[in-house]
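Chemist: data-v1.txt is the file, holding compact mmCIF, C-alpha atoms and all ligand atoms:
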# COMPACT_ATOMS: atom_id res chain seq x y z
CA MET Q 1 18.81 -8.93 31.00
CA THR Q 2 15.61 -8.58 28.98
CA GLN Q 3 15.52 -7.45 25.36
CA LEU Q 4 13.61 -4.37 26.43
CA SER Q 5 16.53 -2.99 28.36
CA LEU Q 6 18.61 -3.25 25.17
CA SER Q 7 16.29 -1.06 23.13
CA SER Q 8 17.56 2.48 22.71
CA ARG Q 9 15.64 5.72 22.13
CA GLU Q 10 16.57 8.53 19.77
CA THR Q 11 14.76 11.85 19.51
CA LEU Q 12 14.11 12.86 15.89
CA LEU Q 13 11.95 15.93 16.71
CA GLY Q 14 11.23 17.57 20.05
CA ASP Q 15 8.13 19.53 19.03
CA PRO Q 16 6.02 17.79 17.96
CA PRO Q 17 7.54 14.66 19.52
CA LEU Q 18 8.94 12.11 17.09
CA ALA Q 19 11.17 9.35 18.48
CA ARG Q 20 12.71 6.11 17.25
CA PHE Q 21 13.59 3.04 19.29
CA SER Q 22 15.82 0.28 17.97
CA ARG Q 23 15.70 -3.45 18.86
CA LEU Q 24 12.09 -3.60 20.00
CA LEU Q 25 11.69 -7.40 19.95
CA GLY Q 26 15.29 -8.61 19.64
CA GLU Q 27 16.43 -11.63 17.62
CA PRO Q 28 15.36 -14.20 16.68
CA ALA Q 29 11.90 -12.88 17.67
CA ALA Q 30 11.83 -10.02 15.15
CA THR Q 31 12.77 -12.19 12.15
CA GLN Q 32 10.33 -14.90 13.25
CA ALA Q 33 7.57 -12.28 13.53
CA LEU Q 34 8.28 -11.05 9.98
CA THR Q 35 8.05 -14.60 8.57
CA ARG Q 36 4.93 -15.46 10.53
CA LEU Q 37 3.02 -12.29 9.64
CA ASP Q 38 3.97 -12.69 5.98
CA ARG Q 39 2.64 -16.27 5.94
CA GLU Q 40 -0.32 -16.19 8.26
CA LEU Q 41 -2.20 -12.93 7.67
CA ASP Q 42 -4.99 -12.52 5.16
CA TRP Q 43 -3.24 -9.76 3.18
CA GLN Q 44 -5.63 -7.66 1.07
CA ARG Q 45 -5.10 -5.30 -1.83
CA PRO Q 46 -8.25 -3.15 -1.82
CA SER Q 47 -8.98 -0.64 -4.56
CA LEU Q 48 -9.48 3.04 -3.94
CA ARG Q 49 -11.79 5.12 -6.10
CA LEU Q 50 -10.06 8.13 -7.59
CA TYR Q 51 -11.64 10.35 -10.25
CA GLY Q 52 -14.26 7.68 -10.90
CA ARG Q 53 -11.75 4.87 -11.43
CA GLU Q 54 -10.73 2.00 -9.17
CA HIS Q 55 -7.01 1.76 -8.38
CA PRO Q 56 -5.60 -1.17 -6.39
CA ILE Q 57 -3.37 0.18 -3.60
CA PRO Q 58 0.39 -0.25 -4.28
CA ARG Q 59 0.91 -2.63 -1.30
CA HIS Q 60 -1.05 -5.17 0.72
CA GLN Q 61 -2.69 -4.40 4.05
CA VAL Q 62 -4.73 -5.79 6.94
CA TRP Q 63 -6.74 -3.89 9.57
CA MET Q 64 -6.75 -5.59 12.92
CA GLY Q 65 -8.12 -4.68 16.31
CA SER Q 66 -10.92 -4.82 18.81
CA PRO Q 67 -14.40 -5.30 17.29
CA ASP Q 68 -15.58 -1.83 18.36
CA ALA Q 69 -12.55 -0.12 16.79
CA ARG Q 70 -14.18 0.29 13.41
CA TYR Q 71 -12.31 2.59 11.13
CA ARG Q 72 -13.26 4.84 8.22
CA TYR Q 73 -10.72 4.89 5.46
CA SER Q 74 -11.22 6.48 2.06
CA GLY Q 75 -14.94 6.78 2.71
CA ARG Q 76 -15.45 3.15 3.75
CA ASN Q 77 -16.14 1.61 7.13
CA PHE Q 78 -13.75 -1.22 8.01
CA CYS Q 79 -14.50 -3.86 10.59
CA PRO Q 80 -11.11 -4.99 11.87
CA GLU Q 81 -9.88 -8.60 11.95
CA ALA Q 82 -9.44 -10.20 15.36
CA TRP Q 83 -6.00 -9.81 17.00
CA HIS Q 84 -3.52 -12.36 15.68
CA PRO Q 85 -1.42 -13.63 18.63
CA GLU Q 86 1.85 -12.46 17.03
CA VAL Q 87 0.41 -8.98 16.46
CA ALA Q 88 -0.97 -8.85 20.02
CA ALA Q 89 2.50 -9.79 21.33
CA ILE Q 90 4.10 -6.97 19.29
CA ARG Q 91 1.44 -4.55 20.56
CA ASP Q 92 2.27 -5.54 24.15
CA ALA Q 93 6.01 -5.10 23.47
CA VAL Q 94 5.31 -1.57 22.17
CA VAL Q 95 3.25 -0.70 25.27
CA GLU Q 96 6.05 -2.05 27.53
CA CYS Q 97 8.77 -0.24 25.61
CA LEU Q 98 6.86 3.06 25.92
CA ALA Q 99 6.15 2.44 29.61
CA ALA Q 100 9.87 1.85 30.21
CA ALA Q 101 10.46 5.25 28.56
CA GLY Q 102 7.92 6.86 30.88
CA GLN Q 103 5.05 7.09 28.40
CA SER Q 104 1.72 5.39 28.97
CA ALA Q 105 -0.12 4.32 25.81
CA ARG Q 106 -2.89 1.97 24.74
CA PHE Q 107 -3.84 0.65 21.32
CA ASN Q 108 -7.06 -0.99 20.12
CA SER Q 109 -6.30 -1.00 16.40
CA VAL Q 110 -3.44 -1.58 13.97
CA LEU Q 111 -2.94 -1.16 10.24
CA LEU Q 112 -0.44 -3.67 8.88
CA ASN Q 113 1.21 -2.81 5.56
CA ARG Q 114 3.14 -5.28 3.44
CA TYR Q 115 5.58 -3.91 0.85
CA ALA Q 116 6.93 -6.74 -1.32
CA ASP Q 117 9.80 -4.60 -2.65
CA GLY Q 118 10.93 -1.01 -3.16
CA GLU Q 119 8.27 -0.35 -5.80
CA GLU Q 120 5.49 -0.81 -3.28
CA ARG Q 121 4.67 2.32 -1.33
CA MET Q 122 2.28 4.59 0.54
CA GLY Q 123 1.53 8.14 -0.62
CA TRP Q 124 1.56 11.41 1.34
CA HIS Q 125 -0.96 11.53 4.18
CA SER Q 126 -1.54 12.31 7.85
CA ASP Q 127 -3.27 9.86 10.14
CA ASP Q 128 -5.78 12.49 11.20
CA GLU Q 129 -9.15 10.76 10.90
CA PRO Q 130 -11.63 12.15 13.47
CA GLU Q 131 -11.96 8.79 15.26
CA LEU Q 132 -8.26 9.03 16.23
CA GLY Q 133 -8.94 12.18 18.27
CA ALA Q 134 -7.24 15.59 18.14
CA ALA Q 135 -3.73 14.53 19.21
CA PRO Q 136 -3.17 10.82 18.56
CA LEU Q 137 -0.09 8.82 19.49
CA ILE Q 138 0.74 6.41 16.67
CA ALA Q 139 3.41 3.74 17.11
CA ALA Q 140 4.90 2.26 13.93
CA VAL Q 141 6.87 -1.00 14.10
CA SER Q 142 9.07 -1.93 11.12
CA LEU Q 143 10.13 -5.45 10.20
CA GLY Q 144 12.29 -6.49 7.25
CA ALA Q 145 13.96 -4.25 4.67
CA GLU Q 146 15.08 -0.88 6.00
CA ARG Q 147 13.32 2.04 4.29
CA PRO Q 148 12.93 5.74 5.03
CA LEU Q 149 9.60 7.24 6.04
CA ARG Q 150 9.67 10.74 4.53
CA PHE Q 151 8.17 13.65 6.52
CA ARG Q 152 7.19 17.08 5.26
CA TRP Q 153 5.77 20.08 7.16
CA LYS Q 154 2.29 21.18 6.13
CA GLN Q 155 3.17 24.87 6.64
CA ARG Q 156 6.63 24.44 5.06
CA GLU Q 157 8.24 25.79 8.24
CA ALA Q 158 11.26 23.52 7.82
CA GLU Q 159 12.85 21.10 5.35
CA ALA Q 160 11.40 17.67 4.64
CA PHE Q 161 13.42 14.83 6.20
CA ASN Q 162 13.75 11.04 6.27
CA ALA Q 163 13.21 8.84 9.30
CA TRP Q 164 15.09 5.63 8.47
CA LEU Q 165 13.27 2.61 9.81
CA PRO Q 166 15.51 -0.42 10.25
CA HIS Q 167 14.31 -3.95 10.96
CA ASP Q 168 12.89 -4.26 14.50
CA SER Q 169 12.58 -0.50 15.07
CA LEU Q 170 9.71 1.48 16.57
CA LEU Q 171 8.80 5.00 15.44
CA VAL Q 172 6.61 6.93 17.85
CA MET Q 173 4.61 9.79 16.34
CA GLY Q 174 3.39 11.82 19.30
CA PRO Q 175 0.69 14.49 19.70
CA GLY Q 176 0.88 17.13 16.97
CA VAL Q 177 2.82 15.08 14.41
CA GLN Q 178 -0.32 14.32 12.34
CA ARG Q 179 -1.61 17.88 12.60
CA ARG Q 180 1.66 19.51 11.51
CA LEU Q 181 3.31 17.01 9.18
CA GLN Q 182 2.52 14.51 6.46
CA HIS Q 183 4.45 11.29 5.87
CA ALA Q 184 4.94 8.89 2.95
CA LEU Q 185 6.79 5.69 2.16
CA LEU Q 186 8.18 6.61 -1.26
CA PRO Q 187 9.30 4.06 -3.86
CA ARG Q 188 13.03 3.23 -3.75
CA ARG Q 189 15.28 1.19 -6.01
CA HIS Q 190 15.89 -1.76 -3.72
CA ARG Q 191 14.72 -5.27 -2.99
CA GLY Q 192 13.30 -6.84 0.08
CA LEU Q 193 10.08 -7.43 1.94
CA ARG Q 194 9.04 -4.91 4.59
CA ILE Q 195 6.06 -5.15 6.93
CA SER Q 196 4.99 -2.22 9.09
CA LEU Q 197 2.46 -2.20 11.92
CA THR Q 198 0.98 1.19 12.86
CA PHE Q 199 -0.78 0.91 16.21
CA ARG Q 200 -3.50 3.44 17.06
CA TRP Q 201 -6.28 4.13 19.50
CA VAL Q 202 -9.64 4.44 17.72
CA HIS Q 203 -12.25 6.17 19.91
CA PRO Q 204 -15.16 3.67 19.74
CA SER Q 205 -17.81 6.26 20.66
CA ARG Q 206 -16.98 8.46 17.70
CA ILE Q 207 -17.95 5.87 15.09
CA HIS Q 208 -21.44 6.17 13.66
CA ASP Q 209 -22.99 4.10 10.91
O1 LIG K 1 4.85 1.66 6.36
C1 LIG K 1 5.05 2.64 7.08
O2 LIG K 1 6.03 2.74 7.81
C2 LIG K 1 4.06 3.78 7.07
C3 LIG K 1 2.68 3.32 7.32
C4 LIG K 1 1.74 4.44 7.58
O3 LIG K 1 2.02 5.59 7.38
C5 LIG K 1 0.39 4.12 8.06
O4 LIG K 1 0.09 2.94 8.29
O5 LIG K 1 -0.40 5.06 8.25
FE FE K 2 0.52 6.91 8.26
Could you render the structure as structure tokens?
Ligand SMILES: O=C(O)CCC(=O)C(=O)O
Ligand SMILES: [Fe+2]

Modeler:
Amino acid sequence: MTQLSLSSRETLLGDPPLARFSRLLGEPAATQALTRLDRELDWQRPSLRLYGREHPIPRHQVWMGSPDARYRYSGRNFCPEAWHPEVAAIRDAVVECLAAAGQSARFNSVLLNRYADGEERMGWHSDDEPELGAAPLIAAVSLGAERPLRFRWKQREAEAFNAWLPHDSLLVMGPGVQRRLQHALLPRRHRGLRISLTFRWVHPSRIHD
């Protein structure tokens, strides 16, 4: 039996589609991936300009992907790093997991986020940059400490809620999730390293210098 057949799917929202899979990679692969990514990636802490002042982001990150998948983020153009073999293997596991669930998907870009502990975080946002297209599918893999990704509706049509993301889980944000909701990884009082990988498809033709 392969690890893939052990992964299980849970629906968190039907419309727009939000689903969580557990045991994406299996053990010891998932723990080995966490250790390897922590050690081997060139983690960056860029600063964002806000009200004329530079603020280092409250986490570390790496953009990775195909060379033509350039990405605009906070007004800057990022050229992604080349695929690390471990990240490419996780990407392929995500594509296989989705295919086994009857969903075809492709990814040419990933944002990796490294949160050293519960103080490190990501603020409210939607992944709705124009180069992602009108209805992107974003697949978020979590490794390490379990934390909740908090969702809130832009039109306040329902209550905010937490999607808990355990080690070796996959959260799939389907078409409409970015348009209708925002998400954030809020600070929590707890210890433990967490690395997330959010795989996307960046439309190469939409990028202009
Ligand atoms: O760390 C997470 O799970 C969230 C990351 C995220 O929202 C993003 O990369 O856009
Ligand atoms: Fe996001």

Chemist: What's the 12 Å shell around Pro28 of chain Q, counting only C-alpha atoms, without same-chain residues fewer than 6 positions away, as a list in words?

Modeler: Gln3, Leu34, Thr35, His167 and Asp168 of chain Q

Chemist: Of the residues Q:Arg179, Q:Gly26, Q:Arg53, Q:Gly192, which is the one nearest to Asp117 of chain Q, using only C-alpha atoms?

Modeler: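 For Asp117 of chain Q, the nearest of the candidates is Q:Gly192.
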
Chemist: How many Å separate atom CA of Phe151 of chain Q from atom CA of Ala184 of chain Q?

Modeler: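 Pair atom CA of Phe151 of chain Q / atom CA of Ala184 of chain Q returns 6.8 Å.
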
Chemist: What residues of the protein or nucleic acid chains come within 7 Å of ligand FE 2 (chain K) when you use all atoms listed in the file? Reply as number ranges by chain.

Modeler: Q: 125-127, 183

Chemist: Given 6 Å on each side, where is the centre and what are the edge lengths in Å to one decimal of the axis-aligned box enclosing the listed atoms of ligand LIG 1 (chain K), as JSON?

Modeler:
{"center_x": 2.8, "center_y": 3.6, "center_z": 7.3, "size_x": 18.4, "size_y": 15.9, "size_z": 13.9}

Chemist: So, counting all atoms listed in the file, which residue among Q:Ala99, Q:Leu24, Q:Met173, Q:Cys79 is closest to ligand LIG 1 (chain K)?

Modeler: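 Using all atoms listed in the file, ligand LIG 1 (chain K) sits closest to Q:Met173.
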
Chemist: Taking only residues of chain Q that have an atom at most 10 Å from an atom of ligand LIG 1 (chain K), what is each one's shortest atom pair and its distance in Å to one decimal, using only C-alpha atoms and all ligand atoms, in chain and number order, as a Markdown table?

Modeler:
| residue | atom | partner | partner_atom | distance |
| --- | --- | --- | --- | --- |
| Q:Arg59 | CA | K:LIG1 | O1 | 9.6 |
| Q:Gln61 | CA | K:LIG1 | O4 | 8.9 |
| Q:Trp63 | CA | K:LIG1 | O4 | 9.7 |
| Q:Val110 | CA | K:LIG1 | O4 | 8.1 |
| Q:Leu111 | CA | K:LIG1 | O4 | 5.5 |
| Q:Leu112 | CA | K:LIG1 | O4 | 6.7 |
| Q:Asn113 | CA | K:LIG1 | O1 | 5.8 |
| Q:Arg114 | CA | K:LIG1 | O1 | 7.7 |
| Q:Tyr115 | CA | K:LIG1 | O1 | 7.9 |
| Q:Glu120 | CA | K:LIG1 | O1 | 10.0 |
| Q:Arg121 | CA | K:LIG1 | O1 | 7.7 |
| Q:Met122 | CA | K:LIG1 | C2 | 6.8 |
| Q:Gly123 | CA | K:LIG1 | O3 | 8.4 |
| Q:Trp124 | CA | K:LIG1 | O3 | 8.4 |
| Q:His125 | CA | K:LIG1 | O3 | 7.4 |
| Q:Ser126 | CA | K:LIG1 | O5 | 7.3 |
| Q:Asp127 | CA | K:LIG1 | O5 | 5.9 |
| Q:Asp128 | CA | K:LIG1 | O5 | 9.6 |
| Q:Ile138 | CA | K:LIG1 | O5 | 8.6 |
| Q:Ala139 | CA | K:LIG1 | O4 | 9.5 |
| Q:Ala140 | CA | K:LIG1 | O2 | 6.2 |
| Q:Val141 | CA | K:LIG1 | O2 | 7.4 |
| Q:Ser142 | CA | K:LIG1 | O2 | 6.5 |
| Q:Leu143 | CA | K:LIG1 | O2 | 9.5 |
| Q:Glu146 | CA | K:LIG1 | O2 | 9.9 |
| Q:Arg147 | CA | K:LIG1 | O2 | 8.1 |
| Q:Pro148 | CA | K:LIG1 | O2 | 8.0 |
| Q:Leu149 | CA | K:LIG1 | O2 | 6.0 |
| Q:Arg150 | CA | K:LIG1 | C2 | 9.3 |
| Q:Ala163 | CA | K:LIG1 | O2 | 9.5 |
| Q:Trp164 | CA | K:LIG1 | O2 | 9.5 |
| Q:Leu165 | CA | K:LIG1 | O2 | 7.5 |
| Q:Leu170 | CA | K:LIG1 | O2 | 9.6 |
| Q:Leu171 | CA | K:LIG1 | O2 | 8.4 |
| Q:Gln182 | CA | K:LIG1 | O3 | 9.0 |
| Q:His183 | CA | K:LIG1 | O3 | 6.4 |
| Q:Ala184 | CA | K:LIG1 | O3 | 6.2 |
| Q:Leu185 | CA | K:LIG1 | C2 | 5.9 |
| Q:Leu186 | CA | K:LIG1 | O1 | 9.7 |
| Q:Arg194 | CA | K:LIG1 | O1 | 8.0 |
| Q:Ile195 | CA | K:LIG1 | O1 | 6.9 |
| Q:Ser196 | CA | K:LIG1 | O1 | 4.7 |
| Q:Leu197 | CA | K:LIG1 | O4 | 6.7 |
| Q:Thr198 | CA | K:LIG1 | O4 | 5.0 |
| Q:Phe199 | CA | K:LIG1 | O4 | 8.2 |
| Q:Arg200 | CA | K:LIG1 | O5 | 9.5 |

Chemist: Atom CA of Ser7 of chain Q to atom CA of Thr31 of chain Q: how many Å, to one decimal?

Modeler: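 Computing it gives 16.0 Å between the two atoms.
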
Chemist: Just to confirm, what's the straight-line distance from atom CA of Leu193 of chain Q to atom CA of Leu37 of chain Q in Å (one decimal)?

Modeler: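 That distance, rounded to one decimal, is 11.5 Å.
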